[in-house]
Amino acid sequence: MLGLAKKRIWKSNPMKFSYDAVIIGGGLHGLATAYYLARNHGMQNVAIIEKRFIGFGGAGRNTAIVRANQRTQYNVPLYKEALDLWPVLTKELDFNLMFNNCGNLNLMHSEAAMKAARMTIATAQFHGVESHLIDAKQAKEMVPALNISEDITFPIHGAMYHPPGGIVRHDAVVWGLAKGCTKHGVHIHQQTEATAIDAEDGKITGVQTSRGRIRTPRVLVTAGGYSAGLIYHLLGIKLPIAVLTIQAMVTQPLKPLLDHVVSSGAYHCYANQTLKGEIATGAHMDQWPNYTTQNTAHYIKHQAEALSDWLPCLRGVKFMRIWGGLADMTPDMAPIMDGNDPIEGFYMDCGWGYFGFKSCSAVGKHMAAYMATGSCPDMLKPFNLRRYETHQLMGETAELVCYTPNN
Amino acid sequence: MALTLTCPVCGKRNGYEFRYGGEDKGPRPAQEGLTPKAWCDYVHMNKCTAGVQKEWWVHRDGCGSWFTTYRDTIQNLEVEQPEASE
């Protein structure tokens, strides 16, 4: 247009025969790990192979919420670091990630939930994460659209207010990291499917792809919801994961009425208003594993009922777009990050459920350190796969809003 | 994502009447000589097949029967038992 050549923000390169590391899955965890491998550890001979296109999966399907108010002492520091990295990455990548730290409000609908909130807040405060308990009246002052009357299905007792959380534009993170990867020499190969992972004498030797074989001593699987099936299919390693479709939708654009991310465990519903004015909402997970990524009439109805109960001004508003993505759920609601076990040079980063987006920046940094040095950073040690056979499951299921496939 | 399942007692019913009971992992391992690893495999570990898998269901809001069936996890449809698994 006007004689200006279209400038691409990342490059595609011819595929080489060998790389120092190959990352399977061009989502946010893969992109972030590749970026930090090249930037922090000088490993520039790295390839990301992606079956479809970067950002196809959870990276472009999540509802862009970021927060650091998880339950356990292992998880909170990781998410805090991820949260602190958004402004840093915005500068470093020279790309506007549109971080809007509007704050999260988790509604509590019983005295038991208030008590659970007090414990979660104590954990957050202990780790230097700002989080407060507020009562229903204060919540109403913050969000005037909120229905705090007592004649709704789940009357609001109070809320957990977490000011540093908010919204980041997920597509911008994909593009920004892809730009950063290109700048540091990482190769991104889209439309390239991993068909086999080669190992000899317990060591990784390469990856076979739909575009030929690549020699490499290190492979990381960061294929989001597809990781568990892929790892079993390619290596025969079973994981404690169930893959569920999680649904989301947006309403027609409205005048500004919601300044926070508001969520409710009892209603199984969260909502925030996008910069375009749409109410982005979701939370429902299918009750049985599937890879459909489809929406259900069952849930759209549920969502409409829930929203018109606690945000009654939305009655009569229309949903404009609906979509679904995959959540790979573990029994303890915490991810699996492990490496060199049982195959040297094989790394995995999966089981994130619906937490993959909010963690990607910090995890990329630590996974890169893990892969570059071969030794597990302290931050990631509690997330090993062996914790399931030693019955050291994490306490994340005690979190306020918690869905597992076994609920 | 509608799902219809065939209960051995009640016949074809709406999927929301049922509760998923996990991938079929064969018989429960014997108590004698059971290692934590073998127990973990049985309790937690899954294949996460994208395709047809054999799985457990219970007719929770119906007769209460536990049964196994085959379902295509990509289409989310109950299917006939594949020939290869017979």
# chains A, B, ... in the order shown; residues from 1 in each chain; ligands from 1
$ residues_around --residues "A:Glu50" --least-positions-apart "4" --cutoff "7 Å" --atoms "only C-alpha atoms" --output "count of residues only"
9
$ residues_around --residues "B:Cys10" --least-positions-apart "6" --cutoff "10 Å" --atoms "only C-alpha atoms" --output "MDAnalysis selection string"
chainID B and resid 59 62:63 65
$ write_last_selection --atoms "C-alpha atoms" --output "tab-separated table (two decimals), in the first residue's frame"
chain	number	residue	atom	x	y	z
B	59	HIS	CA	-25.02	-43.24	35.05
B	62	GLY	CA	-30.00	-42.57	36.29
B	63	CYS	CA	-29.66	-46.19	37.32
B	65	SER	CA	-24.49	-48.39	36.61
$ select_by_dssp --residues "stretch 49-298 of chain A" --states "strand (DSSP E)" --output "MDAnalysis selection string"
chainID A and resid 49 65:66 104:108 132:135 158:162 166:167 187:189 194:200 203:209 212:215 219:221 242:251 261:264 269:273 279:285
$ closest_residue --among "A:Val168, A:Leu257, A:Met348, A:Ala112" --to "A:Tyr370" --atoms "only C-alpha atoms"
A:Met348
$ closest_atom_pairs --of "chain A" --to "chain B" --cutoff "6 Å" --atoms "only C-alpha atoms" --output "Markdown table"
| residue | atom | partner | partner_atom | distance |
| --- | --- | --- | --- | --- |
| A:Gly229 | CA | B:Cys48 | CA | 4.8 |
| A:Tyr232 | CA | B:Lys47 | CA | 5.9 |
| A:Lys238 | CA | B:Met45 | CA | 5.5 |
| A:Leu239 | CA | B:Met45 | CA | 5.0 |
| A:Pro240 | CA | B:Met45 | CA | 4.2 |
| A:Trp288 | CA | B:Tyr20 | CA | 5.7 |
| A:Asn290 | CA | B:Thr73 | CA | 4.6 |
| A:Tyr291 | CA | B:Ile74 | CA | 4.9 |
| A:Thr292 | CA | B:Ile74 | CA | 5.4 |
| A:Thr296 | CA | B:Met1 | CA | 4.8 |
| A:Glu389 | CA | B:Cys40 | CA | 5.1 |
$ residues_around --residues "A:Asn62" --least-positions-apart "2" --cutoff "10 Å" --atoms "only C-alpha atoms" --output "ChimeraX atom specification"
/A:57-60,64-65,169-171,246-248,282,323-327,354-358
$ write_last_selection --atoms "N, CA and C atoms" --output "tab-separated table (two decimals), in the first residue's frame"
chain	number	residue	atom	x	y	z
A	57	GLY	N	-3.13	-22.21	19.67
A	57	GLY	CA	-3.78	-22.90	20.78
A	57	GLY	C	-4.16	-21.97	21.91
A	58	GLY	N	-3.84	-22.40	23.11
A	58	GLY	CA	-4.21	-21.64	24.31
A	58	GLY	C	-3.72	-20.20	24.28
A	59	ALA	N	-2.60	-19.96	23.60
A	59	ALA	CA	-2.01	-18.61	23.56
A	59	ALA	C	-3.00	-17.58	23.02
A	60	GLY	N	-3.82	-18.00	22.08
A	60	GLY	CA	-4.76	-17.05	21.48
A	60	GLY	C	-6.19	-17.28	21.92
A	64	ALA	N	-6.96	-13.82	28.75
A	64	ALA	CA	-5.97	-12.75	28.93
A	64	ALA	C	-5.82	-12.26	30.37
A	65	ILE	N	-6.36	-13.02	31.33
A	65	ILE	CA	-6.28	-12.58	32.72
A	65	ILE	C	-4.93	-12.98	33.32
A	169	ARG	N	-2.79	-8.24	26.65
A	169	ARG	CA	-3.27	-8.69	25.34
A	169	ARG	C	-2.47	-9.91	24.90
A	170	HIS	N	-3.14	-11.08	24.85
A	170	HIS	CA	-2.39	-12.32	24.62
A	170	HIS	C	-1.76	-12.40	23.23
A	171	ASP	N	-2.45	-11.89	22.20
A	171	ASP	CA	-1.86	-11.94	20.84
A	171	ASP	C	-0.60	-11.10	20.78
A	246	ILE	N	-12.29	-25.90	27.45
A	246	ILE	CA	-12.76	-24.81	28.31
A	246	ILE	C	-13.34	-23.73	27.40
A	247	GLN	N	-14.47	-23.15	27.79
A	247	GLN	CA	-15.21	-22.27	26.90
A	247	GLN	C	-15.16	-20.82	27.33
A	248	ALA	N	-15.27	-19.93	26.35
A	248	ALA	CA	-15.27	-18.50	26.64
A	248	ALA	C	-16.14	-17.79	25.60
A	282	GLY	N	-16.20	-16.29	30.82
A	282	GLY	CA	-15.99	-17.73	30.60
A	282	GLY	C	-15.83	-18.44	31.92
A	323	TRP	N	-15.97	-19.21	21.78
A	323	TRP	CA	-14.87	-20.08	21.35
A	323	TRP	C	-14.47	-20.99	22.49
A	324	GLY	N	-13.62	-21.93	22.18
A	324	GLY	CA	-13.14	-22.85	23.21
A	324	GLY	C	-11.66	-23.14	23.01
A	325	GLY	N	-11.02	-23.62	24.05
A	325	GLY	CA	-9.62	-24.03	23.97
A	325	GLY	C	-9.42	-25.24	24.86
A	326	LEU	N	-8.18	-25.70	24.95
A	326	LEU	CA	-7.93	-26.90	25.75
A	326	LEU	C	-7.23	-26.54	27.06
A	327	ALA	N	-7.64	-27.24	28.11
A	327	ALA	CA	-6.98	-27.10	29.41
A	327	ALA	C	-6.48	-28.48	29.80
A	354	TYR	N	-5.68	-24.08	33.11
A	354	TYR	CA	-6.02	-22.77	32.56
A	354	TYR	C	-5.11	-21.68	33.13
A	355	PHE	N	-3.85	-22.05	33.49
A	355	PHE	CA	-2.91	-21.09	34.06
A	355	PHE	C	-1.72	-20.81	33.16
A	356	GLY	N	-1.74	-21.34	31.95
A	356	GLY	CA	-0.58	-21.25	31.08
A	356	GLY	C	-0.24	-19.83	30.67
A	357	PHE	N	-1.25	-19.02	30.42
A	357	PHE	CA	-0.99	-17.65	29.97
A	357	PHE	C	-0.32	-16.83	31.06
A	358	LYS	N	-0.90	-16.84	32.27
A	358	LYS	CA	-0.40	-15.96	33.32
A	358	LYS	C	1.00	-16.32	33.80
$ closest_residue --among "A:Asp286, A:Ile156, A:Gly166, A:Gly212" --to "A:Thr274" --atoms "only C-alpha atoms"
A:Gly166
$ closest_residue --among "A:Thr63, A:Asn40, A:Ser264, A:Ser18" --to "A:Met371" --atoms "only C-alpha atoms"
A:Asn40
$ select_by_dssp --residues "stretch 159-303 of chain A" --states "helix (DSSP H, G or I)" --output "ChimeraX atom specification"
/A:170-183,224-235,297-303
